[in-house]
Structures are given as structure tokens and as C-alpha cells.
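Novice: One structure follows; several queries about it will come next.
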Amino acid sequence: MICHMKKPDPAVAARVPPGQALTEKWPVLTYGRTPRFDPNRWTFRCFGLVERPTSWTWEEFLRLPRVTVRSDIHCVTRWSKLDNDWEGVSARYIVEEVKPRPEAKFVLQHADPDYTTNTALADLLDDDVVLAVRHNGKDLEPDHGGPMRLVLPKLYFWKSSKWLRAFEFLEVNPPGFWEQNGYHMNADPWTEERYSGQETRAMQQMRAEAARRLRDR
């Protein structure tokens with residue numbers, strides 16, 4: 001099998017964090033099944049330490065102001081994919097709409113089916129953070145998080161939840177699914193904040209699945 005991973009060209013090497021290799025494909029990595037999307041039942045909500053708790057239906061979400069951003073993504077399983085075009089709703093717009101209280105410093109992302117991951121509220125305010133519904137001009141595919149996922153480029157990609165359904169605003173920073181299973185609480189790819197300690201069985205399975213999919217491409 002031909003592997004599409006390659007060493008970065010010197011011209012783009014500065015954009016690739018340590019320990020990463022470039023891929024032109026977009027590997028599908030999911031721990032569990034891809035959930036089914038029902039537009040009539042789908043909602044995205046913000047709750048917790050906010051002045052204006054809000055919930056949007058799918059039709060309402062599609063009417064929110066759109067932005068288009070280009071960014072690189074870096075997976076903890078050691079691949080990077082450059083120059084991705086995303087279309088969706090700015091995370092900053094969502095945050096400004098719900099008005100976090102002063103004590104809110106963190107956000108716990110909730111996603112289907114039962115996934116969570118933690119982020120600092122400040123990380124959601126960067127210009128390139130988007131609740132994406134389209135990738136490279138096409139609707140986001142279910143296996144990649146469609147109908148909507150977070151894209152938070154400056155952190156490893158597990159901090160960009162697929163199938164995102166809620167932001168919970170908190171004054172504490174509870175670990176999410178992968179953080180409870182040994183992944184780093186912050187996840188900066190440039191300092192290789194991959195793991196907090198020994199890899200768990202789930203982490204090893206994820207790495208093995210990533211390697212298998214890349215071999216098979």
C-alpha cells in the first residue's frame with residue numbers, strides 16, 4: 001500500500017509542529033460510531049456561566065452570520081494537513097451572543113454521542129476558530145464531524161470536537177473524554193503536549209487505527 005504521509009517541504013516546514021508528517025488525505029479517526037444526523041432534532045446550545053443561555057435549531061444555526069477561514073490542522077496521531085478552507089460560524093460570535101459571566105474561564109465542549117473535551121475560553125476567541133459546516137467548498141462529511149464541528153487550529157485536533165452540540169461555560173477546567181484517558185489538558189502541538197502520562201488502552205487503539213488507515217490509503 002502507498003502511504004501518503006511525507007516529510008514537509010522546507011518551504012512549509014515552519015508550519016509543521018515537531019513530530020508531525022504531512023498528509024494530503026484527511027484520515028478518519030473516531031473512537032466509536034459516527035452518529036446519525038436528524039435536522040429536526042438537532043440543536044446547539046450554550047449554558048452554564050452565561051448571561052444569555054441560548055439554543056439554536058439547525059435551521060436557526062444555518063441563518064447565523066458565516067465566516068470563511070483557512071487553517072492548518074494537526075492530529076495527535078502525528079499527521080498534519082495544511083491549507084484547509086472552513087465555512088461556518090465564528091466561535092467568537094457565539095461567545096459574544098451568550099455573554100459569559102466574568103468568572104467563566106473555561107468551556108467544556110459536548111458532542112455526540114457522549115464526547116467531551118475541555119478548552120480555555122480565551123482559546124475560542126481567536127479569529128480562526130469556527131463552528132464549521134463546510135470544508136474545502138463542500139458540506140462537512142459525517143465521518144469528519146458533519147453536520148457541524150469545532151475547528152480550533154492552534155491545538156491538537158482532538159480539541160476540535162466532531163458533531164458538536166454544546167458549549168458549557170465553567171469556572172473550573174474538568175478533563176474531557178481523552179483527557180481522562182491520559183491526553184494532555186492543554187494540547188499545544190508546538191510543544192508536543194500530547195499525553196499527560198502513560199498511554200491507556202484506548203489511546204493505543206486510537207494510534208493503531210490511525211496507522212492502519214494510513215497504510216491502507
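Chain labels A, B, ... are given in the sequence in which chains occur in the C-alpha cells; within each chain residues are numbered consecutively from 1, and ligands are likewise numbered from 1 in the order shown.
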Which neighbours of segment 34-39 of chain A fall inside 12 Å, counting only C-alpha atoms, when residues of the same chain fewer than 6 positions from it are skipped, and could you give them as a PyMOL selection string?
Specialist: chain A and resi 28+56-62+111-115+140-148+162-165
Novice: Selected residues, C-alpha atoms, written as a PDB file, in the first residue's frame, please.
Specialist:
ATOM      1  CA  VAL A  28     -10.915   9.418   9.524  1.00  0.00           C
ATOM      2  CA  TRP A  56     -30.322  27.108  18.168  1.00  0.00           C
ATOM      3  CA  THR A  57     -32.168  24.652  15.938  1.00  0.00           C
ATOM      4  CA  TRP A  58     -30.423  23.515  12.753  1.00  0.00           C
ATOM      5  CA  GLU A  59     -32.436  25.995  10.661  1.00  0.00           C
ATOM      6  CA  GLU A  60     -31.608  28.803  13.080  1.00  0.00           C
ATOM      7  CA  PHE A  61     -27.939  27.893  13.146  1.00  0.00           C
ATOM      8  CA  LEU A  62     -27.742  27.970   9.342  1.00  0.00           C
ATOM      9  CA  ALA A 111     -20.593  16.407  21.308  1.00  0.00           C
ATOM     10  CA  ASP A 112     -22.464  13.380  20.038  1.00  0.00           C
ATOM     11  CA  PRO A 113     -22.667  10.662  21.084  1.00  0.00           C
ATOM     12  CA  ASP A 114     -21.127  11.205  24.559  1.00  0.00           C
ATOM     13  CA  TYR A 115     -17.890  13.079  23.862  1.00  0.00           C
ATOM     14  CA  LEU A 140     -18.790  18.611   6.099  1.00  0.00           C
ATOM     15  CA  GLU A 141     -18.980  14.828   5.754  1.00  0.00           C
ATOM     16  CA  PRO A 142     -20.430  12.856   8.691  1.00  0.00           C
ATOM     17  CA  ASP A 143     -17.200  10.942   9.303  1.00  0.00           C
ATOM     18  CA  HIS A 144     -15.364  14.250   9.691  1.00  0.00           C
ATOM     19  CA  GLY A 145     -17.870  15.741  12.107  1.00  0.00           C
ATOM     20  CA  GLY A 146     -20.766  16.809   9.914  1.00  0.00           C
ATOM     21  CA  PRO A 147     -23.116  18.482  10.141  1.00  0.00           C
ATOM     22  CA  MET A 148     -21.014  20.749  12.386  1.00  0.00           C
ATOM     23  CA  LYS A 162     -16.754  16.430  15.867  1.00  0.00           C
ATOM     24  CA  TRP A 163     -20.590  16.517  15.986  1.00  0.00           C
ATOM     25  CA  LEU A 164     -20.513  19.460  18.388  1.00  0.00           C
ATOM     26  CA  ARG A 165     -23.762  20.068  20.295  1.00  0.00           C
TER      27      ARG A 165
END
Novice: Dump as a Markdown table the rows for residues of segment 130-192 of chain A within 12 Å of segment 92-99 of chain A: closest atom pair and distance in Å with one decimal, only C-alpha atoms counted, ordered by chain and rising residue number.
Specialist:
| residue | atom | partner | partner_atom | distance |
| --- | --- | --- | --- | --- |
| A:Val130 | CA | A:Arg92 | CA | 8.1 |
| A:Leu131 | CA | A:Ile94 | CA | 9.1 |
| A:Leu150 | CA | A:Ile94 | CA | 11.9 |
| A:Leu152 | CA | A:Arg92 | CA | 11.6 |
| A:Ala166 | CA | A:Ile94 | CA | 11.0 |
| A:Phe167 | CA | A:Val95 | CA | 9.2 |
| A:Glu168 | CA | A:Val95 | CA | 10.9 |
| A:Phe169 | CA | A:Val95 | CA | 9.6 |
Novice: Would you please extract all strand (DSSP E) residues from segment 83-189 of chain A, as assigned by DSSP on the backbone, and give them as a count of residues only?
Specialist: 38
Novice: Quick check for you: according to DSSP on this backbone, which residues of segment 90-130 of chain A are classed as alpha helix (DSSP H)? Reply as a ChimeraX atom specification.
Specialist: /A:91-98
Novice: Given the choices A:Asp126, A:Glu192, A:Arg149, A:Ala120, which gets closest to Pro175 of chain A if the distance is worked out from only C-alpha atoms?
Specialist: A:Ala120
Novice: Tell me which of A:Thr68, A:Asn173, A:Thr54, A:Asn136 sits closest to Pro100 of chain A, counting only C-alpha atoms.
Specialist: A:Thr54
Novice: Pick from A:Asp72, A:Glu171, A:Asp128, A:Glu51: nearest to Arg15 of chain A, with only C-alpha atoms counted?
Specialist: A:Asp72
Novice: For Leu124 of chain A, please output as a list in words all residues within 7 Å (counting only C-alpha atoms; exclusion window: fewer than 3 positions along the same chain).
Specialist: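 The residues that qualify are Ala91, Arg92, Leu121 and Val129 of chain A.
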Novice: Save out the residues we just selected, C-alpha atoms, as a CSV table (one decimal), in the first residue's frame.
Specialist:
chain,number,residue,atom,x,y,z
A,91,ALA,CA,-16.8,30.9,17.8
A,92,ARG,CA,-16.3,34.4,18.9
A,121,LEU,CA,-12.5,30.2,27.0
A,129,VAL,CA,-11.8,29.4,15.4
